[in-house]
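The next block is my_file-v1.pdb, given as PDB, C-alpha atoms and all ligand atoms.
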```
ATOM      1  CA  MET W   1      10.200 -25.160  -0.048
ATOM      2  CA  ASP W   2      10.135 -22.436   2.600
ATOM      3  CA  ILE W   3       6.846 -20.528   2.471
ATOM      4  CA  ARG W   4       5.859 -17.549   4.594
ATOM      5  CA  THR W   5       2.870 -15.212   4.711
ATOM      6  CA  GLY W   6       2.765 -11.588   5.742
ATOM      7  CA  PHE W   7       0.001  -9.187   6.652
ATOM      8  CA  GLY W   8       0.039  -5.396   6.577
ATOM      9  CA  TYR W   9      -2.448  -2.679   7.457
ATOM     10  CA  ASP W  10      -2.505   1.084   7.267
ATOM     11  CA  ILE W  11      -5.027   3.844   7.817
ATOM     12  CA  HIS W  12      -4.771   7.544   7.012
ATOM     13  CA  ARG W  13      -7.009  10.541   7.432
ATOM     14  CA  LEU W  14      -8.767  11.822   4.311
ATOM     15  CA  THR W  15      -9.675  15.452   3.705
ATOM     16  CA  LYS W  16     -11.876  16.874   0.978
ATOM     17  CA  GLU W  17     -10.194  19.690  -0.909
ATOM     18  CA  GLU W  18     -11.164  21.048  -4.301
ATOM     19  CA  GLY W  19      -8.793  19.820  -6.980
ATOM     20  CA  SER W  20      -6.801  17.506  -4.729
ATOM     21  CA  SER W  21      -5.851  13.881  -5.325
ATOM     22  CA  PHE W  22      -3.897  11.064  -3.690
ATOM     23  CA  LEU W  23      -1.726   8.104  -4.596
ATOM     24  CA  LEU W  24      -2.504   4.383  -4.544
ATOM     25  CA  ALA W  25       0.442   2.229  -5.653
ATOM     26  CA  GLY W  26       1.832   5.252  -7.482
ATOM     27  CA  VAL W  27      -1.429   5.860  -9.391
ATOM     28  CA  ARG W  28      -2.925   9.319  -8.919
ATOM     29  CA  ILE W  29      -6.565   9.110  -7.804
ATOM     30  CA  GLU W  30      -8.488  12.247  -8.745
ATOM     31  CA  GLY W  31     -11.767  13.258  -7.134
ATOM     32  CA  GLY W  32     -11.097  16.022  -4.629
ATOM     33  CA  TYR W  33      -9.724  13.988  -1.707
ATOM     34  CA  LYS W  34      -6.320  14.229  -0.082
ATOM     35  CA  ILE W  35      -4.560  11.722   2.202
ATOM     36  CA  VAL W  36      -3.023  13.370   5.263
ATOM     37  CA  ALA W  37       0.495  11.988   5.725
ATOM     38  CA  HIS W  38       4.104  12.798   6.546
ATOM     39  CA  SER W  39       5.318  10.861   3.496
ATOM     40  CA  ASP W  40       3.630  11.021   0.074
ATOM     41  CA  GLY W  41       0.771   9.090   1.764
ATOM     42  CA  ASP W  42       0.724   6.109  -0.576
ATOM     43  CA  ILE W  43      -1.137   3.953   1.909
ATOM     44  CA  LEU W  44      -1.294   0.900  -0.356
ATOM     45  CA  LEU W  45       2.478   0.767  -0.609
ATOM     46  CA  HIS W  46       2.751   1.229   3.176
ATOM     47  CA  ALA W  47       0.453  -1.735   3.914
ATOM     48  CA  LEU W  48       2.145  -3.874   1.262
ATOM     49  CA  SER W  49       5.636  -3.030   2.525
ATOM     50  CA  ASN W  50       4.611  -3.948   6.068
ATOM     51  CA  ALA W  51       3.223  -7.259   4.809
ATOM     52  CA  ILE W  52       6.549  -8.065   3.148
ATOM     53  CA  LEU W  53       8.716  -6.944   6.086
ATOM     54  CA  THR W  54       6.649  -8.788   8.690
ATOM     55  CA  SER W  55       6.660 -11.966   6.574
ATOM     56  CA  LEU W  56      10.442 -11.849   7.034
ATOM     57  CA  GLY W  57      10.089 -11.341  10.778
ATOM     58  CA  GLU W  58      11.418  -7.809  10.429
ATOM     59  CA  ASP W  59      10.280  -4.535  11.989
ATOM     60  CA  ASP W  60       7.620  -2.399  10.325
ATOM     61  CA  ILE W  61       8.283   0.488   7.942
ATOM     62  CA  GLY W  62       8.087   3.058  10.744
ATOM     63  CA  CYS W  63      11.411   1.760  12.099
ATOM     64  CA  ALA W  64      13.304   2.270   8.829
ATOM     65  CA  PHE W  65      11.360   5.372   7.793
ATOM     66  CA  PRO W  66      10.302   7.285  10.949
ATOM     67  CA  ASP W  67       7.460   9.739  10.335
ATOM     68  CA  ASN W  68       8.964  12.442  12.524
ATOM     69  CA  LEU W  69      12.097  13.207  10.508
ATOM     70  CA  LYS W  70      12.668  15.982   8.010
ATOM     71  CA  GLU W  71      14.313  13.423   5.676
ATOM     72  CA  THR W  72      11.116  11.360   5.377
ATOM     73  CA  GLU W  73       8.833  14.356   4.745
ATOM     74  CA  GLY W  74       7.041  13.850   1.406
ATOM     75  CA  LEU W  75       8.972  10.599   0.971
ATOM     76  CA  ASP W  76       8.246   8.666  -2.235
ATOM     77  CA  SER W  77       6.664   5.465  -0.876
ATOM     78  CA  LYS W  78       8.056   3.512  -3.827
ATOM     79  CA  LYS W  79      11.352   3.794  -1.935
ATOM     80  CA  ILE W  80       9.743   2.108   1.072
ATOM     81  CA  LEU W  81       8.514  -0.765  -1.102
ATOM     82  CA  ALA W  82      11.921  -1.030  -2.799
ATOM     83  CA  PHE W  83      13.507  -1.304   0.665
ATOM     84  CA  ALA W  84      11.092  -4.106   1.681
ATOM     85  CA  LEU W  85      11.658  -6.005  -1.588
ATOM     86  CA  ASP W  86      15.398  -5.623  -1.163
ATOM     87  CA  GLU W  87      15.252  -7.059   2.386
ATOM     88  CA  MET W  88      13.223  -9.983   1.012
ATOM     89  CA  GLU W  89      15.686 -10.671  -1.799
ATOM     90  CA  LYS W  90      18.649 -10.432   0.588
ATOM     91  CA  LYS W  91      17.076 -13.286   2.564
ATOM     92  CA  GLY W  92      16.606 -15.328  -0.622
ATOM     93  CA  TYR W  93      12.823 -15.086  -0.879
ATOM     94  CA  LYS W  94      10.668 -14.086  -3.823
ATOM     95  CA  LEU W  95       7.109 -12.813  -3.902
ATOM     96  CA  SER W  96       4.536 -15.414  -4.879
ATOM     97  CA  ASN W  97       1.371 -13.327  -4.810
ATOM     98  CA  ILE W  98      -0.184 -10.317  -3.169
ATOM     99  CA  SER W  99      -3.771  -9.677  -2.157
ATOM    100  CA  VAL W 100      -4.918  -6.184  -1.262
ATOM    101  CA  SER W 101      -8.189  -4.772   0.092
ATOM    102  CA  ILE W 102      -8.846  -1.049  -0.016
ATOM    103  CA  LEU W 103     -11.514   0.440   2.260
ATOM    104  CA  LEU W 104     -12.735   3.739   0.884
ATOM    105  CA  GLU W 105     -16.112   5.457   0.517
ATOM    106  CA  GLU W 106     -15.200   7.932  -2.251
ATOM    107  CA  PRO W 107     -14.032   8.301  -4.959
ATOM    108  CA  LYS W 108     -14.959   5.083  -6.725
ATOM    109  CA  LEU W 109     -11.866   3.083  -7.650
ATOM    110  CA  LYS W 110     -13.318   1.134 -10.558
ATOM    111  CA  PRO W 111     -11.746   3.410 -13.214
ATOM    112  CA  TYR W 112      -8.329   2.931 -11.563
ATOM    113  CA  ARG W 113      -8.415  -0.780 -10.778
ATOM    114  CA  LYS W 114      -6.494  -1.888 -13.887
ATOM    115  CA  LYS W 115      -3.913   0.888 -13.537
ATOM    116  CA  ILE W 116      -3.290   0.051  -9.872
ATOM    117  CA  LYS W 117      -2.756  -3.627 -10.686
ATOM    118  CA  GLU W 118      -0.435  -2.742 -13.561
ATOM    119  CA  SER W 119       1.546  -0.416 -11.343
ATOM    120  CA  LEU W 120       1.857  -3.097  -8.644
ATOM    121  CA  ALA W 121       3.033  -5.562 -11.304
ATOM    122  CA  SER W 122       5.668  -3.124 -12.473
ATOM    123  CA  LEU W 123       6.801  -2.298  -8.912
ATOM    124  CA  THR W 124       7.001  -5.904  -7.709
ATOM    125  CA  GLY W 125       7.877  -7.836 -10.874
ATOM    126  CA  LEU W 126       4.796 -10.041 -10.440
ATOM    127  CA  THR W 127       2.448 -10.900 -13.295
ATOM    128  CA  ILE W 128      -1.054  -9.405 -13.084
ATOM    129  CA  ASP W 129      -2.627 -12.802 -12.310
ATOM    130  CA  ARG W 130      -0.683 -12.861  -9.022
ATOM    131  CA  ILE W 131      -2.089  -9.536  -7.859
ATOM    132  CA  GLY W 132      -5.518  -9.442  -6.223
ATOM    133  CA  LEU W 133      -7.279  -6.169  -5.572
ATOM    134  CA  ALA W 134     -10.574  -5.672  -3.757
ATOM    135  CA  ALA W 135     -12.289  -2.405  -2.895
ATOM    136  CA  ASN W 136     -14.960  -1.968  -0.247
ATOM    137  CA  THR W 137     -16.916   1.014   1.000
ATOM    138  CA  GLY W 138     -17.766   1.590   4.654
ATOM    139  CA  GLU W 139     -21.518   1.458   3.970
ATOM    140  CA  GLY W 140     -21.867   5.053   5.165
ATOM    141  CA  ILE W 141     -20.803   4.298   8.749
ATOM    142  CA  GLY W 142     -17.619   4.582  10.809
ATOM    143  CA  VAL W 143     -14.492   6.497   9.802
ATOM    144  CA  ILE W 144     -14.414   4.878   6.345
ATOM    145  CA  GLY W 145     -18.102   5.313   5.613
ATOM    146  CA  THR W 146     -18.132   8.947   6.713
ATOM    147  CA  LYS W 147     -15.141   9.705   4.456
ATOM    148  CA  GLN W 148     -12.806  10.587   7.313
ATOM    149  CA  ALA W 149     -10.291   7.865   6.484
ATOM    150  CA  ILE W 150      -8.972   5.366   3.987
ATOM    151  CA  ALA W 151      -7.559   2.003   5.076
ATOM    152  CA  VAL W 152      -5.720  -0.782   3.281
ATOM    153  CA  TYR W 153      -5.111  -4.422   4.186
ATOM    154  CA  ALA W 154      -2.418  -6.348   2.340
ATOM    155  CA  ASN W 155      -1.475 -10.013   2.353
ATOM    156  CA  VAL W 156       1.595 -11.526   0.738
ATOM    157  CA  LEU W 157       3.019 -14.968   0.265
ATOM    158  CA  ILE W 158       6.759 -15.300  -0.211
ATOM    159  CA  ASP W 159       8.805 -18.406  -0.847
ATOM    160  CA  LYS W 160      12.246 -19.800  -1.502
ATOM    161  CA  ASP W 161      13.365 -23.217  -2.753
TER     162      ASP W 161
HETATM  163 MG    MG T 201       1.041   5.096   6.186
END
```

Show how you would write the structure in this file as structure tokens.
Ligand code: MG
Amino acid sequence: MDIRTGFGYDIHRLTKEEGSSFLLAGVRIEGGYKIVAHSDGDILLHALSNAILTSLGEDDIGCAFPDNLKETEGLDSKKILAFALDEMEKKGYKLSNISVSILLEEPKLKPYRKKIKESLASLTGLTIDRIGLAANTGEGIGVIGTKQAIAVYANVLIDKD
């Protein structure tokens, strides 16, 4: 069996704006915060897609989806993940499991945890028991703790017989 691991990371600026929300794995997170981004800002899908692409030895998502083009403005990040999964399948690999850590001070993600895992299952074809999700605050310090940013780390394992 050929087994590979991949690691992905992303960070985006957060702004507080009445009535705004942001996306995590396609799930809308309410609570008055907005992710500043060229695409739709779905940082979880960015980190996960980079984990998959780098596990294959391929370039990161910025190469296929540059953030300075009109065509990628407001881009649905599910398309980025679909691209990464397609590259993986073309090389004969399948996802074994994914493990994600979200670093965010506010809002609390507990009410969304199940929905995010379900969305990841639907987007990747994995069963829920192969999707790990952790959330950490920044303990009130640094760019995470002072609510200036959100960051995501993602790990994947892929394999082929
Ligand atoms: Mg990003």

Which of W:Arg4, W:Arg13, W:His38, W:Arg113 sits closest to Val143 of chain W [using only C-alpha atoms]: W:Arg13

One-decimal distance in Å that lies between atom CA of Leu103 of chain W and atom CA of Gly142 of chain W: 11.3 Å

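Between atom CA of Ser39 of chain W and atom CA of Ala82 of chain W there is a distance of 15.0 Å.
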
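Interatomic distance, atom CA of Leu75 of chain W against atom CA of Ile131 of chain W: 24.6 Å.
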
What does the list of residues within 10 Å of ligand MG 201 (chain T) look like if you count only C-alpha atoms and all ligand atoms, written as a ChimeraX atom specification? /W:9-13,35-47,50,61-62,67,77,151-152

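Counting all atoms listed in the file and comparing W:Gly132, W:Gly74, W:Gly125, W:Pro66, the residue that lies closest to Leu95 of chain W is W:Gly125.
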
Given the file above and the PyMOL selection byres (((chain W and resi 6) around 10) and not hetatm), which residues are selected, and can you give them as a ChimeraX atom specification? /W:4-5,7-8,48-57,98,154-158

Measuring atom to atom with only C-alpha atoms, identify which of W:Phe83, W:Tyr93, W:Tyr33, W:Tyr112 is nearest to Asp60 of chain W. W:Phe83

My structure is short of atoms at segment 88-99 of chain W; please model all heavy atoms there, returning them as a PDB file, in the frame of the given file.
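Output saved as out-v8.pdb:
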```pdb
ATOM      1  N   MET W  88      13.730  -8.646   1.359  1.00  0.00           N
ATOM      2  CA  MET W  88      13.223  -9.983   1.012  1.00  0.00           C
ATOM      3  C   MET W  88      14.227 -10.727   0.128  1.00  0.00           C
ATOM      4  O   MET W  88      14.540 -11.898   0.373  1.00  0.00           O
ATOM      5  CB  MET W  88      11.884  -9.820   0.278  1.00  0.00           C
ATOM      6  CG  MET W  88      11.232 -11.101  -0.165  1.00  0.00           C
ATOM      7  SD  MET W  88       9.773 -10.775  -1.173  1.00  0.00           S
ATOM      8  CE  MET W  88      10.547 -10.219  -2.696  1.00  0.00           C
ATOM      9  N   GLU W  89      14.733 -10.034  -0.876  1.00  0.00           N
ATOM     10  CA  GLU W  89      15.686 -10.671  -1.799  1.00  0.00           C
ATOM     11  C   GLU W  89      16.991 -11.026  -1.092  1.00  0.00           C
ATOM     12  O   GLU W  89      17.584 -12.072  -1.362  1.00  0.00           O
ATOM     13  CB  GLU W  89      15.931  -9.762  -3.005  1.00  0.00           C
ATOM     14  CG  GLU W  89      14.808  -9.897  -4.031  1.00  0.00           C
ATOM     15  CD  GLU W  89      14.662  -8.697  -4.949  1.00  0.00           C
ATOM     16  OE1 GLU W  89      15.647  -7.949  -5.114  1.00  0.00           O
ATOM     17  OE2 GLU W  89      13.552  -8.498  -5.485  1.00  0.00           O
ATOM     18  N   LYS W  90      17.416 -10.159  -0.172  1.00  0.00           N
ATOM     19  CA  LYS W  90      18.649 -10.432   0.588  1.00  0.00           C
ATOM     20  C   LYS W  90      18.528 -11.736   1.375  1.00  0.00           C
ATOM     21  O   LYS W  90      19.510 -12.431   1.608  1.00  0.00           O
ATOM     22  CB  LYS W  90      18.963  -9.268   1.540  1.00  0.00           C
ATOM     23  CG  LYS W  90      19.700  -8.121   0.853  1.00  0.00           C
ATOM     24  CD  LYS W  90      20.359  -7.186   1.853  1.00  0.00           C
ATOM     25  CE  LYS W  90      19.366  -6.215   2.402  1.00  0.00           C
ATOM     26  NZ  LYS W  90      19.872  -5.137   3.228  1.00  0.00           N
ATOM     27  N   LYS W  91      17.297 -12.052   1.803  1.00  0.00           N
ATOM     28  CA  LYS W  91      17.076 -13.286   2.564  1.00  0.00           C
ATOM     29  C   LYS W  91      16.742 -14.466   1.655  1.00  0.00           C
ATOM     30  O   LYS W  91      16.402 -15.550   2.139  1.00  0.00           O
ATOM     31  CB  LYS W  91      15.969 -13.067   3.600  1.00  0.00           C
ATOM     32  CG  LYS W  91      16.419 -12.139   4.729  1.00  0.00           C
ATOM     33  CD  LYS W  91      15.465 -12.140   5.898  1.00  0.00           C
ATOM     34  CE  LYS W  91      16.065 -11.381   7.074  1.00  0.00           C
ATOM     35  NZ  LYS W  91      15.145 -11.284   8.214  1.00  0.00           N
ATOM     36  N   GLY W  92      16.785 -14.235   0.334  1.00  0.00           N
ATOM     37  CA  GLY W  92      16.606 -15.328  -0.622  1.00  0.00           C
ATOM     38  C   GLY W  92      15.173 -15.667  -0.979  1.00  0.00           C
ATOM     39  O   GLY W  92      14.913 -16.689  -1.603  1.00  0.00           O
ATOM     40  N   TYR W  93      14.234 -14.822  -0.565  1.00  0.00           N
ATOM     41  CA  TYR W  93      12.823 -15.086  -0.879  1.00  0.00           C
ATOM     42  C   TYR W  93      12.390 -14.328  -2.126  1.00  0.00           C
ATOM     43  O   TYR W  93      12.968 -13.303  -2.485  1.00  0.00           O
ATOM     44  CB  TYR W  93      11.923 -14.645   0.276  1.00  0.00           C
ATOM     45  CG  TYR W  93      12.023 -15.524   1.488  1.00  0.00           C
ATOM     46  CD1 TYR W  93      12.932 -15.232   2.502  1.00  0.00           C
ATOM     47  CD2 TYR W  93      11.207 -16.643   1.620  1.00  0.00           C
ATOM     48  CE1 TYR W  93      13.042 -16.050   3.621  1.00  0.00           C
ATOM     49  CE2 TYR W  93      11.301 -17.454   2.747  1.00  0.00           C
ATOM     50  CZ  TYR W  93      12.215 -17.152   3.742  1.00  0.00           C
ATOM     51  OH  TYR W  93      12.314 -17.958   4.834  1.00  0.00           O
ATOM     52  N   LYS W  94      11.311 -14.846  -2.748  1.00  0.00           N
ATOM     53  CA  LYS W  94      10.668 -14.086  -3.823  1.00  0.00           C
ATOM     54  C   LYS W  94       9.163 -14.022  -3.542  1.00  0.00           C
ATOM     55  O   LYS W  94       8.613 -14.894  -2.857  1.00  0.00           O
ATOM     56  CB  LYS W  94      10.967 -14.693  -5.189  1.00  0.00           C
ATOM     57  CG  LYS W  94      10.472 -16.107  -5.382  1.00  0.00           C
ATOM     58  CD  LYS W  94      10.751 -16.563  -6.804  1.00  0.00           C
ATOM     59  CE  LYS W  94      10.385 -18.017  -7.012  1.00  0.00           C
ATOM     60  NZ  LYS W  94       9.028 -18.400  -6.615  1.00  0.00           N
ATOM     61  N   LEU W  95       8.550 -12.975  -4.072  1.00  0.00           N
ATOM     62  CA  LEU W  95       7.109 -12.813  -3.902  1.00  0.00           C
ATOM     63  C   LEU W  95       6.380 -13.858  -4.718  1.00  0.00           C
ATOM     64  O   LEU W  95       6.752 -14.119  -5.870  1.00  0.00           O
ATOM     65  CB  LEU W  95       6.677 -11.443  -4.423  1.00  0.00           C
ATOM     66  CG  LEU W  95       6.521 -10.267  -3.473  1.00  0.00           C
ATOM     67  CD1 LEU W  95       6.028  -9.059  -4.264  1.00  0.00           C
ATOM     68  CD2 LEU W  95       5.573 -10.572  -2.338  1.00  0.00           C
ATOM     69  N   SER W  96       5.352 -14.468  -4.134  1.00  0.00           N
ATOM     70  CA  SER W  96       4.536 -15.414  -4.879  1.00  0.00           C
ATOM     71  C   SER W  96       3.243 -14.742  -5.340  1.00  0.00           C
ATOM     72  O   SER W  96       2.864 -14.823  -6.500  1.00  0.00           O
ATOM     73  CB  SER W  96       4.216 -16.624  -4.016  1.00  0.00           C
ATOM     74  OG  SER W  96       3.363 -17.496  -4.718  1.00  0.00           O
ATOM     75  N   ASN W  97       2.557 -14.098  -4.416  1.00  0.00           N
ATOM     76  CA  ASN W  97       1.371 -13.327  -4.810  1.00  0.00           C
ATOM     77  C   ASN W  97       1.054 -12.282  -3.750  1.00  0.00           C
ATOM     78  O   ASN W  97       1.548 -12.358  -2.616  1.00  0.00           O
ATOM     79  CB  ASN W  97       0.152 -14.232  -5.025  1.00  0.00           C
ATOM     80  CG  ASN W  97      -0.481 -14.678  -3.741  1.00  0.00           C
ATOM     81  OD1 ASN W  97       0.156 -15.352  -2.943  1.00  0.00           O
ATOM     82  ND2 ASN W  97      -1.712 -14.311  -3.512  1.00  0.00           N
ATOM     83  N   ILE W  98       0.275 -11.301  -4.142  1.00  0.00           N
ATOM     84  CA  ILE W  98      -0.184 -10.317  -3.169  1.00  0.00           C
ATOM     85  C   ILE W  98      -1.697 -10.145  -3.299  1.00  0.00           C
ATOM     86  O   ILE W  98      -2.263 -10.312  -4.385  1.00  0.00           O
ATOM     87  CB  ILE W  98       0.535  -8.945  -3.312  1.00  0.00           C
ATOM     88  CG1 ILE W  98       0.218  -8.275  -4.634  1.00  0.00           C
ATOM     89  CG2 ILE W  98       2.024  -9.087  -3.184  1.00  0.00           C
ATOM     90  CD1 ILE W  98       0.980  -6.976  -4.821  1.00  0.00           C
ATOM     91  N   SER W  99      -2.325  -9.871  -2.184  1.00  0.00           N
ATOM     92  CA  SER W  99      -3.771  -9.677  -2.157  1.00  0.00           C
ATOM     93  C   SER W  99      -4.042  -8.437  -1.314  1.00  0.00           C
ATOM     94  O   SER W  99      -3.608  -8.355  -0.169  1.00  0.00           O
ATOM     95  CB  SER W  99      -4.429 -10.911  -1.543  1.00  0.00           C
ATOM     96  OG  SER W  99      -5.810 -10.711  -1.411  1.00  0.00           O
TER      97      SER W  99
END
```
